[in-house]
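Shown here: target_16.cif, mmCIF, C-alpha atoms.
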data_coords
#
loop_
_atom_site.label_atom_id
_atom_site.label_comp_id
_atom_site.auth_asym_id
_atom_site.auth_seq_id
_atom_site.Cartn_x
_atom_site.Cartn_y
_atom_site.Cartn_z
CA ILE A 1 73.22 115.70 66.66
CA THR A 2 71.71 112.58 65.10
CA LEU A 3 68.04 111.93 65.85
CA THR A 4 66.22 108.68 65.12
CA ARG A 5 62.51 108.23 65.81
CA THR A 6 61.85 104.60 66.81
CA THR A 7 58.13 104.62 67.60
CA GLY A 8 54.93 105.95 66.07
CA ALA A 9 53.55 106.18 62.55
CA LYS A 10 55.52 105.04 59.50
CA GLY A 11 55.42 108.38 57.72
CA ALA A 12 57.68 111.37 58.37
CA LEU A 13 56.38 113.36 61.36
CA GLU A 14 57.17 117.00 61.85
CA HIS A 15 58.89 118.00 65.11
CA ARG A 16 59.72 121.41 66.49
CA LEU A 17 63.20 122.18 67.86
CA LYS A 18 63.41 124.59 70.78
CA TRP A 19 66.16 125.67 73.17
CA LYS A 20 65.61 125.71 76.92
CA TYR A 21 67.92 127.38 79.47
CA ASP A 22 70.20 128.69 76.72
CA ASP A 23 72.42 131.69 77.56
CA LYS A 24 72.72 132.60 73.88
CA THR A 25 75.56 130.12 73.38
CA PHE A 26 73.78 127.68 71.06
CA ARG A 27 71.87 128.05 67.83
CA LEU A 28 70.55 125.80 65.11
CA LEU A 29 72.13 125.94 61.67
CA GLY A 30 68.93 125.35 59.76
CA SER A 31 65.20 125.30 60.34
CA ASP A 32 63.63 124.82 63.75
CA ARG A 33 61.24 122.32 62.12
CA ILE A 34 62.38 118.86 61.02
CA LYS A 35 60.64 115.76 59.71
CA LEU A 36 61.59 112.45 61.31
CA PRO A 37 60.82 109.27 59.35
CA LEU A 38 60.48 106.07 61.34
CA ASN A 39 63.82 104.36 62.10
CA GLN A 40 65.80 106.70 59.82
CA PRO A 41 68.52 108.94 61.31
CA VAL A 42 68.28 112.68 60.71
CA THR A 43 71.18 115.05 61.44
CA VAL A 44 70.63 118.39 63.16
CA THR A 45 73.58 120.82 63.13
CA VAL A 46 74.15 122.91 66.24
CA GLN A 47 76.61 125.79 66.58
CA ALA A 48 78.12 126.83 69.92
CA ARG A 49 79.42 130.38 70.27
CA PRO A 50 80.03 130.96 74.00
CA GLY A 51 80.55 134.52 75.10
CA SER A 52 82.74 133.70 78.09
CA ALA A 53 84.93 131.02 79.62
CA GLY A 54 83.34 128.30 81.73
CA VAL A 55 80.60 125.71 81.29
CA HIS A 56 77.67 126.49 78.99
CA SER A 57 74.72 124.11 78.86
CA ALA A 58 71.27 124.09 77.32
CA ILE A 59 68.54 121.58 76.53
CA LEU A 60 67.38 121.05 72.97
CA GLU A 61 63.75 119.95 72.99
CA ILE A 62 62.39 117.84 70.11
CA ASP A 63 58.62 117.98 70.20
CA ASP A 64 55.75 116.66 68.08
CA ARG A 65 53.11 119.30 68.82
CA ARG A 66 50.30 116.83 68.10
CA THR A 67 51.26 114.59 71.01
CA GLU A 68 51.14 115.25 74.72
CA GLY A 69 54.39 116.29 76.39
CA VAL A 70 57.88 116.78 74.96
CA ASP A 71 59.09 113.81 72.92
CA LYS A 72 62.84 114.17 73.57
CA GLN A 73 65.31 116.40 75.38
CA VAL A 74 69.00 116.53 74.41
CA LEU A 75 71.59 118.04 76.74
CA THR A 76 74.22 120.14 74.95
CA THR A 77 77.30 121.29 76.86
CA VAL A 78 80.55 123.00 75.96
CA VAL A 79 83.48 123.89 78.22
CA VAL A 80 85.58 126.95 77.41
CA SER A 81 88.91 127.08 79.24
CA LYS A 82 91.56 129.73 79.78
CA GLU A 83 94.88 129.08 78.05
CA LEU A 84 97.87 129.13 80.39
CA ALA A 85 100.00 130.60 77.63
CA LYS A 86 102.96 132.97 77.33
CA PRO A 87 103.96 135.51 78.35
CA ALA A 88 102.27 135.21 81.77
CA TYR A 89 101.50 131.47 81.83
CA ALA A 90 98.91 132.33 84.47
CA PHE A 91 95.22 132.86 85.12
CA SER A 92 93.69 134.78 88.02
CA ALA A 93 90.10 135.20 89.14
CA SER A 94 88.23 136.64 92.08
CA GLY A 95 84.69 136.07 93.20
CA SER A 96 82.39 134.90 95.93
CA VAL A 97 80.88 131.52 96.61
CA GLN A 98 77.99 130.92 98.97
CA ARG A 99 78.05 128.53 101.88
CA ASN A 100 77.66 124.90 100.73
CA ALA A 101 78.02 125.93 97.09
CA SER A 102 80.81 125.85 94.51
CA LYS A 103 82.14 127.56 91.40
CA SER A 104 84.43 126.03 88.77
CA TYR A 105 87.18 127.47 86.59
CA PHE A 106 88.80 125.71 83.64
CA VAL A 107 92.40 126.12 82.45
CA THR A 108 94.30 124.46 79.61
CA VAL A 109 97.70 123.00 80.52
CA PRO A 110 99.99 122.59 77.48
CA GLU A 111 102.19 119.61 76.69
CA GLY A 112 105.51 119.62 78.52
CA ALA A 113 104.54 121.76 81.53
CA LYS A 114 106.62 120.95 84.63
CA THR A 115 104.52 122.33 87.51
CA LEU A 116 100.95 123.56 87.87
CA GLU A 117 100.52 125.75 90.96
CA VAL A 118 97.10 126.71 92.36
CA ALA A 119 96.79 129.29 95.16
CA LEU A 120 93.67 130.44 97.02
CA GLY A 121 93.67 133.70 98.98
CA GLY A 122 91.61 136.76 99.77
CA LEU A 123 89.45 134.85 102.26
CA ALA A 124 87.48 136.67 104.93
CA LYS A 125 88.16 135.91 108.60
CA ASP A 126 87.03 132.38 109.59
CA SER A 127 85.88 131.54 106.05
CA GLN A 128 85.92 127.80 105.32
CA THR A 129 86.55 127.85 101.59
CA ARG A 130 88.83 125.48 99.68
CA PHE A 131 89.80 124.45 96.15
CA ILE A 132 89.90 121.00 94.57
CA ALA A 133 91.89 120.37 91.37
CA ILE A 134 90.50 117.91 88.82
CA SER A 135 92.72 116.54 86.06
CA PRO A 136 91.70 116.17 82.37
CA TYR A 137 90.89 112.51 83.18
CA GLY A 138 88.29 113.70 85.70
CA VAL A 139 90.44 112.53 88.63
CA GLN A 140 90.35 114.62 91.81
CA MET A 141 93.91 115.42 92.89
CA GLU A 142 92.94 115.87 96.55
CA ASN A 143 90.78 113.97 98.98
CA SER A 144 87.49 115.84 98.58
CA SER A 145 86.00 114.49 101.79
CA THR A 146 84.31 117.24 103.74
CA ILE A 147 86.99 117.17 106.48
CA PHE A 148 90.03 117.89 104.31
CA CYS A 149 91.72 120.93 102.73
CA TYR A 150 89.58 123.60 104.43
CA PRO A 151 91.14 126.56 106.24
CA ASN A 152 89.67 127.46 109.64
CA TYR A 153 88.44 123.91 110.11
CA PRO A 154 90.69 121.98 112.53
CA ASN A 155 91.37 118.35 111.63
CA PRO A 156 94.52 116.64 112.95
CA ALA A 157 94.41 114.12 110.06
CA ASN A 158 94.50 116.84 107.40
CA THR A 159 97.79 117.02 105.46
CA CYS A 160 96.34 119.09 102.62
CA ARG A 161 97.67 122.65 102.56
CA PRO A 162 94.61 124.91 102.03
CA ASP A 163 96.28 128.01 100.59
CA VAL A 164 98.55 126.61 97.85
CA ARG A 165 99.28 123.25 96.24
CA SER A 166 101.24 122.20 93.17
CA TYR A 167 101.07 119.30 90.72
CA GLN A 168 104.25 117.97 89.13
CA ASP A 169 104.28 117.05 85.42
CA PRO A 170 100.56 117.87 85.09
CA GLN A 171 98.55 115.94 82.52
CA PRO A 172 98.11 118.11 79.39
CA GLY A 173 94.54 119.18 78.70
CA VAL A 174 91.72 121.01 80.45
CA TRP A 175 91.90 121.11 84.25
CA GLU A 176 88.96 122.07 86.43
CA ILE A 177 89.65 124.08 89.59
CA GLU A 178 86.60 123.98 91.85
CA VAL A 179 86.24 126.57 94.62
CA GLU A 180 83.75 125.53 97.27
CA SER A 181 82.61 126.74 100.68
CA ARG A 182 81.90 124.30 103.50
CA ARG A 183 78.39 124.00 104.89
CA THR A 184 79.70 125.14 108.30
CA SER A 185 81.35 128.33 107.04
CA PRO A 186 80.20 131.17 109.32
CA LEU A 187 79.76 133.43 106.30
CA LEU A 188 76.97 133.15 103.75
CA ASP A 189 79.05 134.82 101.03
CA ASN A 190 82.72 133.77 100.93
CA THR A 191 85.02 135.97 98.85
CA TYR A 192 88.26 134.61 97.38
CA THR A 193 91.03 135.14 94.84
CA LEU A 194 92.32 132.25 92.74
CA ASP A 195 95.73 132.18 91.05
CA THR A 196 96.76 129.41 88.65
CA THR A 197 100.32 129.42 87.31
CA LEU A 198 102.50 127.21 85.13
CA MET A 199 106.12 126.97 86.21
CA GLY A 200 109.05 125.07 84.81
CA THR A 201 112.80 125.44 84.91
CA VAL A 202 115.32 123.07 83.36
CA PHE A 203 118.60 122.30 85.13
CA ASP A 204 121.56 121.53 82.86
CA PRO A 205 122.84 118.97 83.49
CA ALA A 206 119.76 117.39 85.07
CA VAL A 207 122.09 115.19 87.11
CA THR A 208 125.63 116.28 87.90
CA THR A 209 128.15 113.71 89.14
CA ILE A 210 130.87 114.08 91.77
CA PRO A 211 133.35 111.23 91.14
CA GLU A 212 134.73 111.37 94.68
CA ALA A 213 133.86 113.30 97.84
CA LYS A 214 135.77 113.43 101.12
CA ILE A 215 133.88 113.14 104.38
CA GLY A 216 133.65 116.56 106.03
CA THR A 217 134.98 118.49 103.01
CA PRO A 218 132.50 120.57 100.94
CA ALA A 219 132.41 119.73 97.22
CA PRO A 220 131.14 122.43 94.80
CA VAL A 221 128.50 121.72 92.13
CA SER A 222 126.78 124.02 89.61
CA TRP A 223 124.02 124.05 87.01
CA LYS A 224 122.71 126.27 84.25
CA VAL A 225 119.01 126.93 84.88
CA THR A 226 116.63 127.99 82.08
CA ASN A 227 113.11 129.19 82.82
CA GLY A 228 110.55 128.09 80.24
CA TYR A 229 107.36 129.34 81.87
CA ALA A 230 106.13 132.07 84.26
CA ALA A 231 108.64 134.63 85.50
CA LEU A 232 110.23 133.58 88.76
CA ASP A 233 111.56 135.54 91.73
CA GLY A 234 112.68 132.83 94.09
CA THR A 235 115.47 131.11 95.95
CA LEU A 236 117.67 128.06 95.53
CA GLY A 237 117.19 125.57 98.36
CA GLY A 238 119.15 122.49 99.35
CA GLY A 239 118.52 119.75 101.88
CA SER A 240 119.72 116.49 103.34
CA LEU A 241 121.60 113.92 101.31
CA GLY A 242 119.91 110.70 100.35
CA SER A 243 120.99 107.10 100.04
CA ALA A 244 119.92 105.86 96.62
CA LYS A 245 119.62 102.57 94.82
CA VAL A 246 119.58 103.08 91.05
CA THR A 247 119.06 100.19 88.62
CA ARG A 248 117.62 99.45 85.17
CA PRO A 249 115.93 96.03 85.33
CA THR A 250 113.78 94.32 82.71
CA ILE A 251 110.22 93.20 83.48
CA ALA A 252 107.86 90.95 81.50
CA ASP A 253 104.17 91.54 80.83
CA GLY A 254 102.16 90.54 83.91
CA GLU A 255 105.25 90.12 86.09
CA GLN A 256 105.73 91.66 89.53
CA GLN A 257 109.19 92.62 90.78
CA VAL A 258 109.71 93.14 94.51
CA THR A 259 112.47 95.16 96.20
CA THR A 260 112.98 95.90 99.91
CA VAL A 261 114.67 98.87 101.55
CA THR A 262 115.43 99.15 105.26
CA ILE A 263 115.69 102.58 106.86
CA GLY A 264 116.54 103.75 110.35
CA ALA A 265 115.13 106.45 112.60
CA GLY A 266 115.31 110.09 111.58
CA VAL A 267 114.68 109.64 107.84
CA GLU A 268 112.95 112.72 106.44
CA ARG A 269 111.58 111.27 103.20
CA LEU A 270 111.47 108.07 101.19
CA ASP A 271 111.08 108.54 97.42
CA VAL A 272 110.51 105.72 94.95
CA ALA A 273 110.28 106.34 91.19
CA ILE A 274 110.14 104.30 87.99
CA GLY A 275 109.97 105.32 84.32
CA GLY A 276 111.94 105.56 81.10
CA THR A 277 110.62 102.28 79.69
CA SER A 278 112.18 100.94 76.48
CA ASP A 279 108.63 100.00 75.41
CA THR A 280 106.99 103.42 75.31
CA GLY A 281 103.53 101.83 75.34
CA ALA A 282 104.16 99.96 78.61
CA ASP A 283 101.93 100.54 81.64
CA LEU A 284 103.77 99.89 84.92
CA ASP A 285 102.33 100.45 88.39
CA LEU A 286 104.13 101.11 91.67
CA PHE A 287 103.19 100.08 95.24
CA VAL A 288 104.98 100.74 98.55
CA GLU A 289 104.06 98.66 101.62
CA LYS A 290 105.20 98.19 105.19
CA ASP A 291 104.07 95.40 107.51
CA GLY A 292 101.53 94.27 104.92
CA ARG A 293 99.87 97.70 104.65
CA THR A 294 99.96 99.80 101.47
CA LEU A 295 101.35 103.24 102.30
CA GLY A 296 101.53 104.62 98.77
CA GLN A 297 100.77 103.70 95.19
CA SER A 298 101.02 105.25 91.73
CA THR A 299 98.90 103.69 88.97
CA SER A 300 98.51 106.12 86.10
CA ALA A 301 97.94 105.06 82.49
CA GLY A 302 101.67 105.21 81.72
CA SER A 303 104.92 104.02 83.22
CA ALA A 304 106.28 107.17 84.93
CA GLU A 305 105.20 106.47 88.51
CA SER A 306 106.41 107.81 91.86
CA VAL A 307 105.59 107.55 95.56
CA SER A 308 106.92 109.85 98.29
CA LEU A 309 106.53 109.18 102.03
CA ALA A 310 107.28 111.99 104.49
CA ASN A 311 108.91 111.12 107.83
CA PRO A 312 108.63 107.35 107.29
CA ALA A 313 108.91 105.12 110.35
CA ALA A 314 112.02 103.01 110.76
CA GLY A 315 111.75 99.50 109.35
CA THR A 316 111.66 97.53 106.12
CA TYR A 317 109.57 98.71 103.17
CA THR A 318 108.44 96.47 100.32
CA ILE A 319 108.38 98.05 96.84
CA THR A 320 106.45 96.29 94.09
CA VAL A 321 106.60 97.14 90.39
CA ASP A 322 103.66 95.57 88.54
CA ALA A 323 103.78 95.18 84.76
CA TYR A 324 100.09 95.85 84.17
CA ALA A 325 100.50 95.90 80.38
CA VAL A 326 103.64 95.56 78.24
CA PRO A 327 102.72 95.35 74.54
CA ALA A 328 106.27 94.35 73.54
CA GLY A 329 106.25 91.41 75.97
CA SER A 330 109.02 92.85 78.15
CA THR A 331 110.59 96.23 78.80
CA ALA A 332 113.57 97.73 80.56
CA TYR A 333 112.81 100.58 82.96
CA ASP A 334 114.59 102.98 85.32
CA TYR A 335 114.23 102.26 89.03
CA ARG A 336 115.32 104.47 91.93
CA ASP A 337 114.57 104.46 95.65
CA VAL A 338 116.18 107.06 97.89
CA TYR A 339 115.81 107.98 101.55
CA TYR A 340 116.99 111.33 102.92
CA SER A 341 118.59 111.89 106.32
CA ALA A 342 120.66 114.71 107.82
CA SER A 343 123.00 112.07 109.27
CA LEU A 344 124.21 111.26 105.74
CA GLY A 345 125.13 114.84 104.82
CA SER A 346 123.63 117.80 103.05
CA VAL A 347 123.43 119.91 99.91
CA GLU A 348 123.93 123.54 100.93
CA ALA A 349 122.27 126.13 98.67
CA ASP A 350 120.72 129.40 99.73
CA GLY A 351 120.51 132.34 97.41
CA PRO A 352 118.08 134.49 95.40
CA VAL A 353 117.36 133.58 91.80
CA LYS A 354 115.36 135.89 89.54
CA LEU A 355 114.46 134.63 86.07
CA ALA A 356 112.21 136.15 83.44
CA SER A 357 110.39 133.75 81.15
CA GLY A 358 112.97 132.33 78.74
CA ALA A 359 115.95 133.58 80.75
CA SER A 360 118.90 131.53 82.06
CA ALA A 361 121.30 131.79 85.00
CA GLN A 362 124.09 129.85 86.69
CA VAL A 363 123.39 128.47 90.17
CA ALA A 364 125.76 126.75 92.58
CA ALA A 365 125.74 124.63 95.71
CA GLU A 366 128.05 122.65 97.98
CA VAL A 367 127.76 118.99 98.93
CA LEU A 368 128.90 117.94 102.39
CA VAL A 369 129.16 114.20 103.11
CA LYS A 370 129.10 113.10 106.76
CA SER A 371 129.41 109.31 106.49
CA ALA A 372 130.19 106.46 104.13
CA ALA A 373 127.46 105.27 101.76
CA PRO A 374 125.67 101.99 102.67
CA ALA A 375 126.73 98.97 100.63
CA GLY A 376 125.16 98.79 97.17
CA ARG A 377 123.85 102.35 97.34
CA GLN A 378 125.12 105.79 96.35
CA PHE A 379 124.65 109.26 97.76
CA PHE A 380 122.02 111.36 96.05
CA GLY A 381 121.11 115.01 96.61
CA GLU A 382 118.82 117.67 95.19
CA VAL A 383 118.49 121.42 94.94
CA GLN A 384 115.14 123.06 94.22
CA LEU A 385 114.33 126.42 92.71
CA LEU A 386 111.48 127.68 94.88
CA ASN A 387 109.10 130.58 94.29
CA THR A 388 107.89 132.89 97.07
CA ARG A 389 105.12 130.43 98.00
CA GLY A 390 107.59 127.57 98.39
CA THR A 391 106.58 125.77 95.21
CA ALA A 392 109.37 124.02 93.33
CA ALA A 393 109.73 125.34 89.78
CA GLY A 394 112.53 122.91 89.00
CA THR A 395 115.00 120.45 90.49
CA GLY A 396 118.65 119.68 89.94
CA SER A 397 120.25 116.45 91.17
CA VAL A 398 123.73 115.39 92.21
CA ILE A 399 125.22 111.90 92.58
CA ILE A 400 128.37 111.09 94.56
CA GLU A 401 130.02 108.04 93.07
CA SER A 402 132.47 107.32 95.91
CA VAL A 403 133.28 108.62 99.38
CA THR A 404 136.69 108.70 101.08
CA PRO A 405 137.42 109.23 104.80
#
Output the file's structure in the form of structure tokens.
Amino acid sequence: ITLTRTTGAKGALEHRLKWKYDDKTFRLLGSDRIKLPLNQPVTVTVQARPGSAGVHSAILEIDDRRTEGVDKQVLTTVVVSKELAKPAYAFSASGSVQRNASKSYFVTVPEGAKTLEVALGGLAKDSQTRFIAISPYGVQMENSSTIFCYPNYPNPANTCRPDVRSYQDPQPGVWEIEVESRRTSPLLDNTYTLDTTLMGTVFDPAVTTIPEAKIGTPAPVSWKVTNGYAALDGTLGGGSLGSAKVTRPTIADGEQQVTTVTIGAGVERLDVAIGGTSDTGADLDLFVEKDGRTLGQSTSAGSAESVSLANPAAGTYTITVDAYAVPAGSTAYDYRDVYYSASLGSVEADGPVKLASGASAQVAAEVLVKSAAPAGRQFFGEVQLLNTRGTAAGTGSVIIESVTP
């Protein structure tokens, strides 16, 4: 800590250093008396040795005993997180939080993690207790308004699952998981258990290609799946086929590129994704609109952006890619929009998959096409490796290049 006295006498004045509200985390490496000359910086060395994970704070008081009051207070804070490291790649905690209060936990997510899953359980009957995840950038991953994400609190507009949520490709660094009880919880003390787990499986190949599929005839596909994180006892799940547009355009700094996609009734999901820029320092943003209203956007500090709309209404959607910053002047990037509908066909996969951390296994599925692909688009399907809570630990994709009657 660097201290500079900017007022008072010209000579060096002695000040006392004293900790306030310290839980034995902090100590001074040196004397608790220092002399501060006028307008000359003086360095004070502080050591932090926390005894437990969490937030540790104290106030360092700098006081000239010959003057009234405390001259300066300096807040010192350290955060100690739990490493989500092998072999478990998990952290669990249990506790109790009072009505209208909160408690925070901190976990470190390593580089390359695929999925961060957070689950909240052990709640007493009628307890209104939720969790909110906060990324290393300090961004809340959920809407923290008081009407969202709480169990036992009815709200038709709530789409936030209260018991478990997952975050794909989580930002490496220290995440804060805040457990809080609503002011209307009928219980004063609200018990809970919190489970935080890193998951990640790699499908090889990531995208498998079927050169030709016949309408109504199942086509087999397979992948080798390797588990790089927490042990998994799950199932392989399929779903409806999608109609995909896949391109690799080039965009200039400051430019906006607009694409439209028209979908009919009965579409289950519309996914739009960009990434893989040739200029690795590029910052591209993604916006999805319908009838002049923004329905989704992705504006992180990089170029890997995605928007997913569940049960989208029939109509025409406008997709805008904005080149917020491209240091190289222009960059190529991967673009894909895909809408899923049972009327197009399906990927059939249903079987148990059990993988220890570091283990591999072969998985298989069948692709059934029900109709011809729309002009300029190709069929696209996915299988997901799901844990017992329904969280996807990994995804494998399949592309059908052509369809015959």
Exercise. Please evaluate the PyMOL selection byres ((chain A and resi 362-367) around 7) against the structure above and give the resulting residues as a PyMOL selection string.
Key: chain A and resi 218-225+346-349+361+368-369
Self-check item: Test item: residues at most 9 Å from A:Gln378, all atoms listed in the file, excluding those fewer than 3 positions along its chain, as number ranges by chain
Solution: A: 242-246, 373-375, 399-402
Quiz prompt | Selection dump of the PyMOL selection byres ((chain A and resi 119) around 9), as a PyMOL selection string | solution = chain A and resi 117-118+120-121+131+162-166+193-197+389
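Reported to one decimal place, the separation of atom CA of A:Ala58 from atom CA of A:Thr191 is 28.2 Å.
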Quiz item: Counting only C-alpha atoms, which of A:Gly54, A:Asp233, A:Ala392, A:Ile215 gets nearest to A:Lys354?
Solution: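 Closest candidate: A:Asp233.
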Practice problem: Would you please work out which residue, of A:Ser343, A:Ala282, A:Ile134, A:Thr294, is nearest to A:Gly329 when using all atoms listed in the file? | Solution: A:Ala282
Quick one: apply the PyMOL selection byres ((chain A and resi 146) around 12) to the file and drop the selected residues here as a JSON list (two decimals) with C-alpha atoms, in the frame of the given file.
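The resulting part16.json:
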[["chain", "number", "residue", "atom", "x", "y", "z"],
["A", 100, "ASN", "CA", 77.66, 124.90, 100.73],
["A", 128, "GLN", "CA", 85.92, 127.80, 105.32],
["A", 129, "THR", "CA", 86.55, 127.85, 101.59],
["A", 130, "ARG", "CA", 88.83, 125.48, 99.68],
["A", 131, "PHE", "CA", 89.80, 124.45, 96.15],
["A", 132, "ILE", "CA", 89.90, 121.00, 94.57],
["A", 142, "GLU", "CA", 92.94, 115.87, 96.55],
["A", 143, "ASN", "CA", 90.78, 113.97, 98.98],
["A", 144, "SER", "CA", 87.49, 115.84, 98.58],
["A", 145, "SER", "CA", 86.00, 114.49, 101.79],
["A", 147, "ILE", "CA", 86.99, 117.17, 106.48],
["A", 148, "PHE", "CA", 90.03, 117.89, 104.31],
["A", 149, "CYS", "CA", 91.72, 120.93, 102.73],
["A", 150, "TYR", "CA", 89.58, 123.60, 104.43],
["A", 151, "PRO", "CA", 91.14, 126.56, 106.24],
["A", 153, "TYR", "CA", 88.44, 123.91, 110.11],
["A", 154, "PRO", "CA", 90.69, 121.98, 112.53],
["A", 155, "ASN", "CA", 91.37, 118.35, 111.63],
["A", 158, "ASN", "CA", 94.50, 116.84, 107.40],
["A", 180, "GLU", "CA", 83.75, 125.53, 97.27],
["A", 181, "SER", "CA", 82.61, 126.74, 100.68],
["A", 182, "ARG", "CA", 81.90, 124.30, 103.50],
["A", 183, "ARG", "CA", 78.39, 124.00, 104.89],
["A", 184, "THR", "CA", 79.70, 125.14, 108.30],
["A", 185, "SER", "CA", 81.35, 128.33, 107.04]]
Practice problem: Write out as number ranges by chain each polymer residue whose atoms come within 7 Å of A:Ile319, counting all atoms listed in the file; drop sequence neighbours fewer than 2 positions from it. | Solution: A: 258-260, 287-289, 317, 321
Practice problem: In Å, rounded to a single decimal, give me how far atom CA of A:Gly173 is from atom CA of A:Gln140. | Solution: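 Distance reported for this atom pair: 14.5 Å.
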Quiz prompt | Nearest residue to A:Glu61 from the set A:Arg16, A:Leu344, A:Val44, A:Lys370 (distances using only C-alpha atoms) | solution = A:Arg16
Quiz item: When distances are computed from only C-alpha atoms, which of A:Val202, A:Leu60, A:Ala328, A:Leu75 shows the smallest separation from A:Gly228?
Solution: A:Val202
Self-check item: Exercise: A:Ser57 partners within 12 Å, all atoms listed in the file, chain neighbours under 5 positions left out, as a VMD selection string
Solution: chain A and resid 19 to 26 48 to 50 74 to 80
Quiz item: Using only C-alpha atoms, can you list as an MDAnalysis selection string the residues within 12 Å of (118.9, 105.2, 109.8)?
Solution: chainID A and resid 242:243 261:270 311:316 339:344 371 373:374
Save the residues we just selected, C-alpha atoms, as an mmCIF file, in the coordinates of the input?
data_model
loop_
_atom_site.group_PDB
_atom_site.id
_atom_site.type_symbol
_atom_site.label_atom_id
_atom_site.label_comp_id
_atom_site.auth_asym_id
_atom_site.auth_seq_id
_atom_site.Cartn_x
_atom_site.Cartn_y
_atom_site.Cartn_z
ATOM 1 C CA GLY A 242 119.910 110.700 100.350
ATOM 2 C CA SER A 243 120.990 107.100 100.040
ATOM 3 C CA VAL A 261 114.670 98.870 101.550
ATOM 4 C CA THR A 262 115.430 99.150 105.260
ATOM 5 C CA ILE A 263 115.690 102.580 106.860
ATOM 6 C CA GLY A 264 116.540 103.750 110.350
ATOM 7 C CA ALA A 265 115.130 106.450 112.600
ATOM 8 C CA GLY A 266 115.310 110.090 111.580
ATOM 9 C CA VAL A 267 114.680 109.640 107.840
ATOM 10 C CA GLU A 268 112.950 112.720 106.440
ATOM 11 C CA ARG A 269 111.580 111.270 103.200
ATOM 12 C CA LEU A 270 111.470 108.070 101.190
ATOM 13 C CA ASN A 311 108.910 111.120 107.830
ATOM 14 C CA PRO A 312 108.630 107.350 107.290
ATOM 15 C CA ALA A 313 108.910 105.120 110.350
ATOM 16 C CA ALA A 314 112.020 103.010 110.760
ATOM 17 C CA GLY A 315 111.750 99.500 109.350
ATOM 18 C CA THR A 316 111.660 97.530 106.120
ATOM 19 C CA TYR A 339 115.810 107.980 101.550
ATOM 20 C CA TYR A 340 116.990 111.330 102.920
ATOM 21 C CA SER A 341 118.590 111.890 106.320
ATOM 22 C CA ALA A 342 120.660 114.710 107.820
ATOM 23 C CA SER A 343 123.000 112.070 109.270
ATOM 24 C CA LEU A 344 124.210 111.260 105.740
ATOM 25 C CA SER A 371 129.410 109.310 106.490
ATOM 26 C CA ALA A 373 127.460 105.270 101.760
ATOM 27 C CA PRO A 374 125.670 101.990 102.670
#
Please extract stretch 47-58 of chain A and write it out with N, CA and C atoms, as a PDB file, in the first residue's frame.
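Saved result, out_16.pdb, follows:
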ATOM      1  N   GLN A  47       0.640  -8.361   4.506  1.00  0.00           N
ATOM      2  CA  GLN A  47       0.568  -9.778   4.161  1.00  0.00           C
ATOM      3  C   GLN A  47      -0.822 -10.313   4.485  1.00  0.00           C
ATOM      4  N   ALA A  48      -1.381 -11.080   3.529  1.00  0.00           N
ATOM      5  CA  ALA A  48      -2.677 -11.718   3.734  1.00  0.00           C
ATOM      6  C   ALA A  48      -2.479 -13.223   3.829  1.00  0.00           C
ATOM      7  N   ARG A  49      -2.942 -13.803   4.935  1.00  0.00           N
ATOM      8  CA  ARG A  49      -2.852 -15.251   5.126  1.00  0.00           C
ATOM      9  C   ARG A  49      -4.209 -15.753   5.607  1.00  0.00           C
ATOM     10  N   PRO A  50      -5.187 -15.854   4.671  1.00  0.00           N
ATOM     11  CA  PRO A  50      -6.533 -16.277   5.062  1.00  0.00           C
ATOM     12  C   PRO A  50      -6.557 -17.720   5.520  1.00  0.00           C
ATOM     13  N   GLY A  51      -7.384 -17.980   6.500  1.00  0.00           N
ATOM     14  CA  GLY A  51      -7.488 -19.331   7.038  1.00  0.00           C
ATOM     15  C   GLY A  51      -8.559 -20.165   6.381  1.00  0.00           C
ATOM     16  N   SER A  52      -9.356 -19.569   5.508  1.00  0.00           N
ATOM     17  CA  SER A  52     -10.435 -20.311   4.874  1.00  0.00           C
ATOM     18  C   SER A  52     -10.792 -19.659   3.550  1.00  0.00           C
ATOM     19  N   ALA A  53     -11.546 -20.384   2.724  1.00  0.00           N
ATOM     20  CA  ALA A  53     -12.009 -19.834   1.459  1.00  0.00           C
ATOM     21  C   ALA A  53     -13.091 -18.797   1.703  1.00  0.00           C
ATOM     22  N   GLY A  54     -13.256 -17.891   0.738  1.00  0.00           N
ATOM     23  CA  GLY A  54     -14.270 -16.857   0.849  1.00  0.00           C
ATOM     24  C   GLY A  54     -13.664 -15.472   0.780  1.00  0.00           C
ATOM     25  N   VAL A  55     -14.451 -14.478   1.175  1.00  0.00           N
ATOM     26  CA  VAL A  55     -14.008 -13.085   1.176  1.00  0.00           C
ATOM     27  C   VAL A  55     -13.503 -12.714   2.568  1.00  0.00           C
ATOM     28  N   HIS A  56     -12.342 -12.090   2.613  1.00  0.00           N
ATOM     29  CA  HIS A  56     -11.764 -11.611   3.876  1.00  0.00           C
ATOM     30  C   HIS A  56     -11.449 -10.129   3.713  1.00  0.00           C
ATOM     31  N   SER A  57     -12.018  -9.311   4.584  1.00  0.00           N
ATOM     32  CA  SER A  57     -11.811  -7.872   4.503  1.00  0.00           C
ATOM     33  C   SER A  57     -11.464  -7.299   5.870  1.00  0.00           C
ATOM     34  N   ALA A  58     -10.706  -6.238   5.850  1.00  0.00           N
ATOM     35  CA  ALA A  58     -10.383  -5.499   7.067  1.00  0.00           C
ATOM     36  C   ALA A  58     -10.083  -4.054   6.676  1.00  0.00           C
TER      37      ALA A  58
END
